[in-house]
Each structure stands twice: as structure tokens, then as C-alpha cells.
Amino acid sequence: MNQLKQLKIKNVKKLDYTDNVYDLSIQNFNHYIDDKGIVHHNSGLYYSASVVSFLSKAKLKEGEEDEMDLGQSGITVTFKTEKNRLAKPKKVKFEISFVKGCNPFKGLEAFCRPEYFDSVGVGMGKWEEYPKPLETLDKETGEVIIKYGEFKAGGNRWYVKHLGGYITKKELHSSKVFTKEVLDSLEPIVNNYFRYKSLDELEEFQKEYEKLDDELEDDSNSNMDDLFN
């Protein structure tokens with residue numbers, strides 16, 4: 001790779017033929033030049049991609065399987081990022097049911113934390129209504145805010161403010177809970193979780209990616225075993 005950085009491109013020519021095209025790899029070489037003077041790279045995905053991720057799967061059991069379901073009702077997919085220059089490389093899981101398909105709301109409950117309840121309105125805990133509304137002063141804006149109750153984290157029940165009551169976990173991942181307003185309030189929270197907080201943090205991760213480039217290329221074949229078969 002370092003030797004190729006010293007080479008200069010003389011010209012770029014479009015090839016008009018599409019017949020006899022093959023997938024060719026040369027063992028122990030990341031780059032090579034054929035007898036026509038064409039430069040090849042064995043793993044273009046690792047070389048040029050800003051994001052490299054691998055998928056692995058496990059059985060999904062929803063508790064409603066019968067003897068015909070062979071012990072599973074779907075799959076749980078783990079999305080593991082090996083390299084990401086656009087966002088923090090976080091591991092993400094999602095479920096695909098053989099009957100219902102992919103639920104787009106699965107996993108969002110992780111961001112419905114107690115400290116975000118005032119803006120999101122969804123959380124695991126209980127809502128205690130005040131005997132009478134309480135007026136408080138926002139120190140940052142100077143605005144008077146009227147509070148009708150207080151959310152307290154704990155327990156195993158989910159409280160949804162816009163529904164005005166509790167729901168079971170089975171009812172959680174639905175559009176009636178995650179309305180457009182709730183999704184809009186979650187957006188900056190999710191973005192903040194995945195984004196780089198500063199240029200220094202990005203540069204720190206960038207150094208790690210540079211170290212990983214060669215390791216990923218050498219280990220590309222073994223990592224491919226994690227993909228769906």
C-alpha cells in the first residue's frame with residue numbers, strides 16, 4: 001500500500017467490453033498490477049468504505065412458538081461495526097419475526113431514560129400527580145413552567161404520558177406509543193448517542209481505524225463467516 005502511494009496515475013480509460021469478467025484474488029497481496037498495467041485491490045470494500053459492519057444472527061423466541069416453529073419465531077440480528085468514520089462504532093441489535101417482519105420500534109426503549117421523560121414522555125416507572133399544579137421557574141429561560149406531576153423511575157411498568165396511563169411491555173413497540181411527536185423528541189437524543197462529540201474524539205477514533213485497516217484486510221475472510229449463510 002505504501003509503495004502504491006508513490007505511483008502517479010498516467011491515464012484512466014473506460015473499457016467497453018463486459019464479457020469474461022472474473023472475480024480474482026491474489027493470496028498475500030493487497031494490491032497487484034496485471035500484465036495490462038491495471039492496478040487491482042483484493043478487498044475494495046475495506047479499502048474505500050467509510051463504514052464496514054458485520055451481521056450475525058441468533059434465534060428469536062417470543063414465547064408463542066409451537067412444535068412446528070422448531071424452537072424459534074424469528075431471528076435476532078446483531079449489527080457490529082468494525083469501522084465507521086461517520087458515527088461512533090456502536091453495536092446495534094434488531095429483531096426480524098417470521099410472521100410480523102421487522103418492528104421499527106424495537107430498541108428505542110433504550111433511549112427512553114428517566115432523565116429524558118420530560119421531553120419524550122415515555123419511561124419505565126410511575127407518574128405521581130400533584131394535588132394541585134406546581135409553578136416552577138426555568139433558570140435558563142426565565143419562563144414559568146406549570147407542572148402537574150412528577151415521574152419517578154423504577155418498577156417494571158411503562159408509563160406513556162400522551163396515553164395518560166401504563167402499558168405492558170408487549171404493547172410498547174407500537175406506533176400508538178412511538179408517535180411522530182415521540183420520535184421527533186427522541187431524534188436529538190439518538191443522534192447525540194452516535195455522533196462524535198468533538199474533533200479530538202474523531203481524530204482519536206481515526207487513528208484506531210488506520211490501525212484496523214491492515215488487520216481487517218488480513219482477516220477479511222474469517223470475518224465473512226459472521227455474515228448470513
# chains A, B, ... in the order shown; residues from 1 in each chain; ligands from 1
>>> select_by_dssp(residues="range 113-164 of chain A", states="strand (DSSP E or B)", output="PyMOL selection string")
chain A and resi 122-137+144-160
>>> write_last_selection(atoms="N, CA and C atoms", output="mmCIF file, in the first residue's frame")
data_model
loop_
_atom_site.group_PDB
_atom_site.id
_atom_site.type_symbol
_atom_site.label_atom_id
_atom_site.label_comp_id
_atom_site.auth_asym_id
_atom_site.auth_seq_id
_atom_site.Cartn_x
_atom_site.Cartn_y
_atom_site.Cartn_z
ATOM 1 N N VAL A 122 -42.093 8.972 27.701
ATOM 2 C CA VAL A 122 -42.184 7.509 27.795
ATOM 3 C C VAL A 122 -41.073 7.039 28.719
ATOM 4 N N GLY A 123 -41.399 6.228 29.721
ATOM 5 C CA GLY A 123 -40.369 5.763 30.631
ATOM 6 C C GLY A 123 -40.857 4.638 31.513
ATOM 7 N N MET A 124 -39.912 3.885 32.055
ATOM 8 C CA MET A 124 -40.249 2.812 32.979
ATOM 9 C C MET A 124 -40.250 3.376 34.389
ATOM 10 N N GLY A 125 -41.425 3.417 35.002
ATOM 11 C CA GLY A 125 -41.570 3.999 36.324
ATOM 12 C C GLY A 125 -43.020 4.339 36.593
ATOM 13 N N LYS A 126 -43.233 5.316 37.461
ATOM 14 C CA LYS A 126 -44.606 5.690 37.785
ATOM 15 C C LYS A 126 -44.767 7.206 37.772
ATOM 16 N N TRP A 127 -45.989 7.619 37.489
ATOM 17 C CA TRP A 127 -46.329 9.036 37.433
ATOM 18 C C TRP A 127 -47.137 9.396 38.672
ATOM 19 N N GLU A 128 -46.634 10.363 39.421
ATOM 20 C CA GLU A 128 -47.332 10.830 40.610
ATOM 21 C C GLU A 128 -47.863 12.241 40.365
ATOM 22 N N GLU A 129 -49.172 12.349 40.350
ATOM 23 C CA GLU A 129 -49.807 13.644 40.080
ATOM 24 C C GLU A 129 -49.869 14.475 41.360
ATOM 25 N N TYR A 130 -49.577 15.769 41.246
ATOM 26 C CA TYR A 130 -49.619 16.667 42.393
ATOM 27 C C TYR A 130 -51.075 16.965 42.769
ATOM 28 N N PRO A 131 -51.338 17.207 44.063
ATOM 29 C CA PRO A 131 -52.704 17.588 44.483
ATOM 30 C C PRO A 131 -53.176 18.845 43.766
ATOM 31 N N LYS A 132 -52.224 19.748 43.497
ATOM 32 C CA LYS A 132 -52.535 20.944 42.716
ATOM 33 C C LYS A 132 -51.314 21.308 41.885
ATOM 34 N N PRO A 133 -51.506 21.937 40.728
ATOM 35 C CA PRO A 133 -50.375 22.276 39.843
ATOM 36 C C PRO A 133 -49.309 23.081 40.577
ATOM 37 N N LEU A 134 -48.065 22.807 40.200
ATOM 38 C CA LEU A 134 -46.922 23.460 40.830
ATOM 39 C C LEU A 134 -46.224 24.350 39.810
ATOM 40 N N GLU A 135 -45.999 25.610 40.189
ATOM 41 C CA GLU A 135 -45.312 26.548 39.311
ATOM 42 C C GLU A 135 -43.821 26.571 39.643
ATOM 43 N N THR A 136 -43.006 26.401 38.606
ATOM 44 C CA THR A 136 -41.550 26.449 38.784
ATOM 45 C C THR A 136 -40.963 27.432 37.775
ATOM 46 N N LEU A 137 -39.779 27.943 38.095
ATOM 47 C CA LEU A 137 -39.110 28.914 37.237
ATOM 48 C C LEU A 137 -37.936 28.252 36.534
ATOM 49 N N VAL A 144 -41.924 30.689 33.375
ATOM 50 C CA VAL A 144 -42.659 29.999 34.435
ATOM 51 C C VAL A 144 -43.281 28.741 33.848
ATOM 52 N N ILE A 145 -42.966 27.595 34.468
ATOM 53 C CA ILE A 145 -43.455 26.315 33.981
ATOM 54 C C ILE A 145 -44.422 25.728 35.004
ATOM 55 N N ILE A 146 -45.545 25.260 34.505
ATOM 56 C CA ILE A 146 -46.545 24.645 35.379
ATOM 57 C C ILE A 146 -46.409 23.133 35.281
ATOM 58 N N LYS A 147 -46.160 22.478 36.423
ATOM 59 C CA LYS A 147 -46.003 21.033 36.469
ATOM 60 C C LYS A 147 -47.203 20.423 37.184
ATOM 61 N N TYR A 148 -47.753 19.383 36.565
ATOM 62 C CA TYR A 148 -48.946 18.739 37.105
ATOM 63 C C TYR A 148 -48.620 17.439 37.844
ATOM 64 N N GLY A 149 -47.378 17.011 37.739
ATOM 65 C CA GLY A 149 -46.988 15.788 38.412
ATOM 66 C C GLY A 149 -45.507 15.532 38.250
ATOM 67 N N GLU A 150 -45.070 14.373 38.722
ATOM 68 C CA GLU A 150 -43.648 14.036 38.687
ATOM 69 C C GLU A 150 -43.459 12.565 38.312
ATOM 70 N N PHE A 151 -42.496 12.325 37.423
ATOM 71 C CA PHE A 151 -42.200 10.958 37.019
ATOM 72 C C PHE A 151 -41.082 10.415 37.902
ATOM 73 N N LYS A 152 -41.275 9.211 38.427
ATOM 74 C CA LYS A 152 -40.269 8.569 39.263
ATOM 75 C C LYS A 152 -39.895 7.227 38.645
ATOM 76 N N ALA A 153 -38.599 7.061 38.397
ATOM 77 C CA ALA A 153 -38.118 5.829 37.764
ATOM 78 C C ALA A 153 -38.183 4.668 38.741
ATOM 79 N N GLY A 154 -38.355 3.462 38.184
ATOM 80 C CA GLY A 154 -38.371 2.267 38.999
ATOM 81 C C GLY A 154 -39.514 1.350 38.615
ATOM 82 N N GLY A 155 -39.448 0.143 39.110
ATOM 83 C CA GLY A 155 -40.501 -0.822 38.811
ATOM 84 C C GLY A 155 -40.308 -1.462 37.452
ATOM 85 N N ASN A 156 -41.337 -2.125 36.965
ATOM 86 C CA ASN A 156 -41.263 -2.801 35.676
ATOM 87 C C ASN A 156 -42.409 -2.437 34.743
ATOM 88 N N ARG A 157 -43.072 -1.312 35.033
ATOM 89 C CA ARG A 157 -44.174 -0.861 34.185
ATOM 90 C C ARG A 157 -43.746 0.354 33.375
ATOM 91 N N TRP A 158 -44.297 0.461 32.195
ATOM 92 C CA TRP A 158 -44.005 1.599 31.319
ATOM 93 C C TRP A 158 -45.150 2.594 31.380
ATOM 94 N N TYR A 159 -44.782 3.857 31.616
ATOM 95 C CA TYR A 159 -45.787 4.927 31.625
ATOM 96 C C TYR A 159 -45.634 5.764 30.361
ATOM 97 N N VAL A 160 -46.753 5.984 29.694
ATOM 98 C CA VAL A 160 -46.750 6.779 28.457
ATOM 99 C C VAL A 160 -47.602 8.021 28.698
#
>>> closest_residue(among="A:Arg195, A:Lys93, A:Lys176, A:Lys13", to="Leu60 in chain A", atoms="only C-alpha atoms")
A:Lys93
>>> residues_around(residues="Gly101 in chain A", least_positions_apart="5", cutoff="10 Å", atoms="only C-alpha atoms", output="number ranges by chain")
A: 74, 95-96
>>> atom_distance(atom1="CA of Glu109 in chain A", atom2="CA of Val182 in chain A")
11.3 Å
